[in-house]
Amino acid sequence: MRKFLAATLMATSVFSFVVMPGLNNTAEAQEDSRYGGTIRSILVEGNQRIEARTVQSYLLVEPGDAFDPERIDLSLKTLFATNLFADVSIDRSGDDLLVRVVENPIINRVIFEGNRALKDEKFQEEVQAAPRGIFTAARVQADVQRILELYRQSGRFAAKVEPQYKPLEQNRVDLVFEITEGPVTGVRSINFIGNKAYTDSRLRSEIVTRQSRLWRFFSSNDNYDPGRLEYDREKLREFYQNNGYYDFRVDSAVAELTPDQKDFYITMTIDEGRQYDFGEVKVETALEKLDAKALRAAVPIQTGDLFRGNLIETTIDTLTYAAGIAGYAFVDIRPQIDVNPETGRIDVTFAVDEGPRVYIERINIVGNTQTLDRVIRRELRISEGDAFNRILLDRSKNRVRALGFFKDVEIVENPGDGPDKSIVDVKVTEQPTGELSFAAGFSSVDSYLFDLSASQRNLRGRGQSVVARVSTSSRQQVVDLRFTEPRFLDRNLSAGVDVYATKQDFKKFGSYTAETIGTGLRVGFPLSERMQMGLSYKIQSDDVQIPDVNILLDTNTGFRSTRVIQTAGADTPNDATDDEFRSATTEDFPNELLIVDQCDTLYLLRDSSCRSERSEISSIVGYSFFWDRTNDPIRPTRGFDFRFSQEAAGLGGDVKYLRTETSASLYRGIWKDIIASARLSGGYIFPLEDGQGIRINNRFFRGGSTFRGFDVAGLGPREIVRTFDPNTGEIISTRRGNSLGGNVYYQGTFELTLPSVFPEEYGIKSALFADVGAVGSLRGPDVSPNVFYQTTDAAGNPVSAVRVTKDATSLRASAGLSVFWDSPFGPIRFDFSQILRREDYDRTETFRFSTSTRF
């Protein structure tokens, strides 16, 4: 309601000015009589929840002020602007100012009814109405539009929302949004007009919107979304410009409802233009420390190459980096493009000038709901007050990403309070850093393996890593507690402590079991921005046991007894049909037959691994070196990394050896999602005492997940037994014995990631791989001598046999396909392998899978 006094004042003024110009003095007297004087008090009526003094605080007049029409009118508008009141009026009652208000209701509850496709939580993130908030019709209508927009984004253009409210006592209401979702509006077809260089199907693969098909039930990109359609126009422009079509444009993108009102037809009219090549490419600069010829050599564009728009941005980044190395942290690079339609060439000149100096006013960390600010800030290579340096910002981004705590890291630059100041926002998106994982595998030899573990890499958001692993599988049980503090004593020094106990059952692979209990300390520190050094010490008790197997030993031969006692048919020596025999026992030959363990020294076929059967204390000191020159810590497409480590046992304890391992990886992005990588690795261990070998638990074993296509410990030195006909020398059978491990290994792994043929939302990726390498080089007492002996075959016929240790370091090779699926149950990996080269005594497998779940 408009103010009565103000309306009367306006009417009186107009009447005095137009109708009674001669009565000005009388009108002024009447106006003074109506508005003159001062306000004695301010009275508030109609308020229920809001106190009178709160209402009075919004007024621009107070007791003792004059009755000023303009200030009273502004007070009226101020009260309406608070959104606390549905109606307000201000009147004069004698010398009192009377303020009458009707309060807006308070929302008690916000209820969504009829929604199935979208959850209540989705609406609550978008709507402004909330419990204990103010109920206004304008705000409710705005929320209706927000809900409808959510449904449009999910492809439901027929959705309807009816707001209702239920009055309650104390001027409260329950706000109810009654929703009719309607059907999903899909995309029946996507057509292009004007395309000649590329087919419709090729262009459909470049945009995000997809045609509705039955197999896309997991996807929402086949729902019509106008916002997504605008993004598709930009994707098409990028695609064409990256293939030489500089003049490309989308003339129109029209979406029409199908006659049944269920789907849309999308038609895009495009103008491809002609295809261009790069013409003359120049770099111009007046900066003293920059050589234009040297900068031109760094430009990845050559005259005659097909024009690609993304190469312009790549060149700007390259020149910015080169200028930064030369000491110019602030450069302004402007590409000048000259298009010549007649020749089909585009000349490009990159003008490099020194840009204005900008300093970082403030660094904001945004989006870290769990990780503490200081954990992120200590990874930044730039601080508040420093000169703005894009190279250091990019390096800071990679360091934050390398933490592995965030799904996405983005650095946004915003203007500061002055032209020479900039505000940097480091926006992060948290991801699960805990991991609950299990692994399973299958091979032609062993049926399964199972592994379970849990870890947290960002304990309480402090960047600390803790592993509490209780793992069991068909071949090992592990209890492993590890804690790492990345900034020990608030210095750039990491420190960690390990306590572990393991029990390995290698009876199926190496005919031994090993129990280890130990503890260790670790420290790490940077040598430079890209180099790290680590030191470690651990002390552990190793107990290696060979399973007890009783053997009836013939002391005359040193082999298993083959003696028999005839129990029937002896009275008819010329008739063997009724002959019966039994194996001889120690009672039959007490001085010649003994029951001994398989590791007894009297047994000539004693396994060489029996030498490792003992309990020892190992005191091990080591160091490691890491050099990282990759362009990205998570998914590198360029560069290399190098690792080198050594461990020496012998600073006390019973074991003395030197163990060395090294690896180097090279990465190269070929095109889009195709990345090639090559990894070379190797290791060598040798005893530090003459005449001593290396215990089997300290040797190298490869296979399984470390060498695809071969079973766990499937390649490398192994004892085998061959039987052959004593008359002809023909080999009758070969029996694989235990894997012995090796003192040396070398391996090369080559991978080529492939673009996915499935929609991105399926989370399925694949890679071709090839593994080559070998394990071997046993020596001295670790190699059992060749033993020839007589035995019998399965039918009881006498045959000759020889036991030998095969230690060929000949090349093994396998190739295959790895499939990675980011499933709802966690990341799953499938390996399908084909053996290319092997030895006949190796153990192979053709399929393996593993999975893990994060939390």
# chains A, B, ... in the order shown; residues from 1 in each chain; ligands from 1
>>> select_by_dssp(residues="range 90-150 of chain A", states="strand (DSSP E or B)", output="list in words")
Ile90, Asp91, Arg92, Ser93, Asp96, Leu97, Leu98, Val99, Arg100, Val101, Val102, Glu103, Ile106, Ile107, Asn108, Arg109, Val110, Ile111, Phe112, Glu113 and Ile134 of chain A
>>> residues_around(residues="Arg296 in chain A", least_positions_apart="3", cutoff="12 Å", atoms="only C-alpha atoms", output="list in words")
Glu280, Val281, Lys282, Val283, Glu284, Thr285, Leu290, Asp291, Ala292, Lys293, Val299, Pro300, Ile301, Gln302, Thr303, Thr315, Ile316, Thr318, Leu319, Ala322, Val348, Thr349, Phe350, Ala351 and Val352 of chain A
>>> residues_around(residues="Arg460 in chain A", least_positions_apart="2", cutoff="9 Å", atoms="only C-alpha atoms", output="NGL selection string")
:A and (370-372 or 458 or 462-464)
>>> residues_around(residues="Thr557 in chain A", least_positions_apart="2", cutoff="12 Å", atoms="only C-alpha atoms", output="PyMOL selection string")
chain A and resi 552-555+559-563+592-594+602-605+787-791
>>> select_by_dssp(residues="range 500-744 of chain A", states="helix (DSSP H, G or I)", output="list in words")
Ser608, Ser609, Cys610, Arg611, Ser612, Ile696, Asn697 and Asn698 of chain A
>>> closest_residue(among="A:Thr516, A:Asn727, A:Ser154, A:Ser663", to="Asn698 in chain A", atoms="only C-alpha atoms")
A:Thr516
>>> residues_around(residues="Val479 in chain A", least_positions_apart="2", cutoff="8 Å", atoms="only C-alpha atoms", output="JSON, numbers by chain")
{"A": [468, 469, 470, 471, 477, 481, 500, 501, 502]}
>>> residues_around(residues="Arg708 in chain A", least_positions_apart="5", cutoff="8 Å", atoms="only C-alpha atoms", output="VMD selection string")
chain A and resid 703 771 814 to 815 831 833
>>> atom_distance(atom1="CA of Thr267 in chain A", atom2="CA of Gly155 in chain A")
17.6 Å
>>> closest_residue(among="A:Pro69, A:Asp271, A:Leu651, A:Tyr762", to="Ser823 in chain A", atoms="only C-alpha atoms")
A:Tyr762
>>> closest_residue(among="A:Ala648, A:Val596, A:Ile360, A:Leu768", to="Ser677 in chain A", atoms="only C-alpha atoms")
A:Leu768
>>> atom_distance(atom1="CA of Arg237 in chain A", atom2="CA of Gly309 in chain A")
9.8 Å
>>> closest_residue(among="A:Arg638, A:Arg522, A:Arg803, A:Arg228", to="Ala678 in chain A", atoms="only C-alpha atoms")
A:Arg638
>>> closest_residue(among="A:Asp420, A:Glu361, A:Asp332, A:Glu162", to="Arg390 in chain A", atoms="only C-alpha atoms")
A:Asp332
>>> residues_around(residues="Ile696 in chain A", least_positions_apart="2", cutoff="7 Å", atoms="only C-alpha atoms", output="list of chain:residue names")
A:Ser609, A:Ser612, A:Ile694, A:Asn698, A:Arg699, A:Leu740, A:Gly741
>>> write_last_selection(atoms="N, CA, C and O atoms", output="PDB file, in the first residue's frame")
ATOM      1  N   SER A 609      67.618 -75.379  -3.047  1.00  0.00           N
ATOM      2  CA  SER A 609      66.990 -74.425  -2.132  1.00  0.00           C
ATOM      3  C   SER A 609      67.083 -74.867  -0.685  1.00  0.00           C
ATOM      4  O   SER A 609      66.860 -74.055   0.225  1.00  0.00           O
ATOM      5  N   SER A 612      69.016 -72.797   1.797  1.00  0.00           N
ATOM      6  CA  SER A 612      68.455 -71.566   2.363  1.00  0.00           C
ATOM      7  C   SER A 612      67.627 -71.823   3.611  1.00  0.00           C
ATOM      8  O   SER A 612      67.124 -70.859   4.215  1.00  0.00           O
ATOM      9  N   ILE A 694      73.262 -66.657  -2.562  1.00  0.00           N
ATOM     10  CA  ILE A 694      72.152 -65.767  -2.208  1.00  0.00           C
ATOM     11  C   ILE A 694      70.962 -66.626  -1.825  1.00  0.00           C
ATOM     12  O   ILE A 694      70.536 -67.500  -2.599  1.00  0.00           O
ATOM     13  N   ASN A 698      65.850 -63.892  -1.199  1.00  0.00           N
ATOM     14  CA  ASN A 698      66.410 -62.602  -1.593  1.00  0.00           C
ATOM     15  C   ASN A 698      66.626 -62.475  -3.098  1.00  0.00           C
ATOM     16  O   ASN A 698      67.075 -61.425  -3.566  1.00  0.00           O
ATOM     17  N   ARG A 699      66.327 -63.510  -3.854  1.00  0.00           N
ATOM     18  CA  ARG A 699      66.546 -63.468  -5.296  1.00  0.00           C
ATOM     19  C   ARG A 699      65.386 -62.773  -6.002  1.00  0.00           C
ATOM     20  O   ARG A 699      64.356 -62.466  -5.413  1.00  0.00           O
ATOM     21  N   LEU A 740      63.735 -71.242  -8.940  1.00  0.00           N
ATOM     22  CA  LEU A 740      64.836 -70.919  -8.036  1.00  0.00           C
ATOM     23  C   LEU A 740      65.096 -69.425  -7.917  1.00  0.00           C
ATOM     24  O   LEU A 740      65.873 -68.991  -7.070  1.00  0.00           O
ATOM     25  N   GLY A 741      64.450 -68.605  -8.768  1.00  0.00           N
ATOM     26  CA  GLY A 741      64.760 -67.189  -8.761  1.00  0.00           C
ATOM     27  C   GLY A 741      66.113 -66.933  -9.397  1.00  0.00           C
ATOM     28  O   GLY A 741      66.864 -67.866  -9.703  1.00  0.00           O
TER      29      GLY A 741
END
>>> atom_distance(atom1="CA of Val819 in chain A", atom2="CA of Val208 in chain A")
23.6 Å
>>> closest_atom_pairs(of="range 27-100 of chain A", to="range 137-145 of chain A", cutoff="12 Å", atoms="only C-alpha atoms", output="CSV")
residue,atom,partner,partner_atom,distance
A:Asn83,CA,A:Arg139,CA,9.8
A:Phe85,CA,A:Ala137,CA,11.7
A:Ala86,CA,A:Ala137,CA,9.5
>>> write_last_selection(atoms="N, CA, C and O atoms", output="JSON list (two decimals), in the first residue's frame")
[["chain", "number", "residue", "atom", "x", "y", "z"],
["A", 83, "ASN", "N", 12.35, -7.98, 2.16],
["A", 83, "ASN", "CA", 11.65, -9.25, 1.88],
["A", 83, "ASN", "C", 11.10, -9.90, 3.14],
["A", 83, "ASN", "O", 10.70, -11.08, 3.11],
["A", 85, "PHE", "N", 8.44, -8.61, 4.67],
["A", 85, "PHE", "CA", 7.03, -8.23, 4.80],
["A", 85, "PHE", "C", 6.31, -8.40, 3.47],
["A", 85, "PHE", "O", 6.83, -8.06, 2.41],
["A", 86, "ALA", "N", 5.06, -8.92, 3.57],
["A", 86, "ALA", "CA", 4.21, -9.02, 2.39],
["A", 86, "ALA", "C", 3.56, -7.68, 2.07],
["A", 86, "ALA", "O", 3.26, -7.39, 0.90]]
>>> closest_residue(among="A:Asp263, A:Asp347, A:Asp120, A:Asp65", to="Phe157 in chain A", atoms="only C-alpha atoms")
A:Asp263
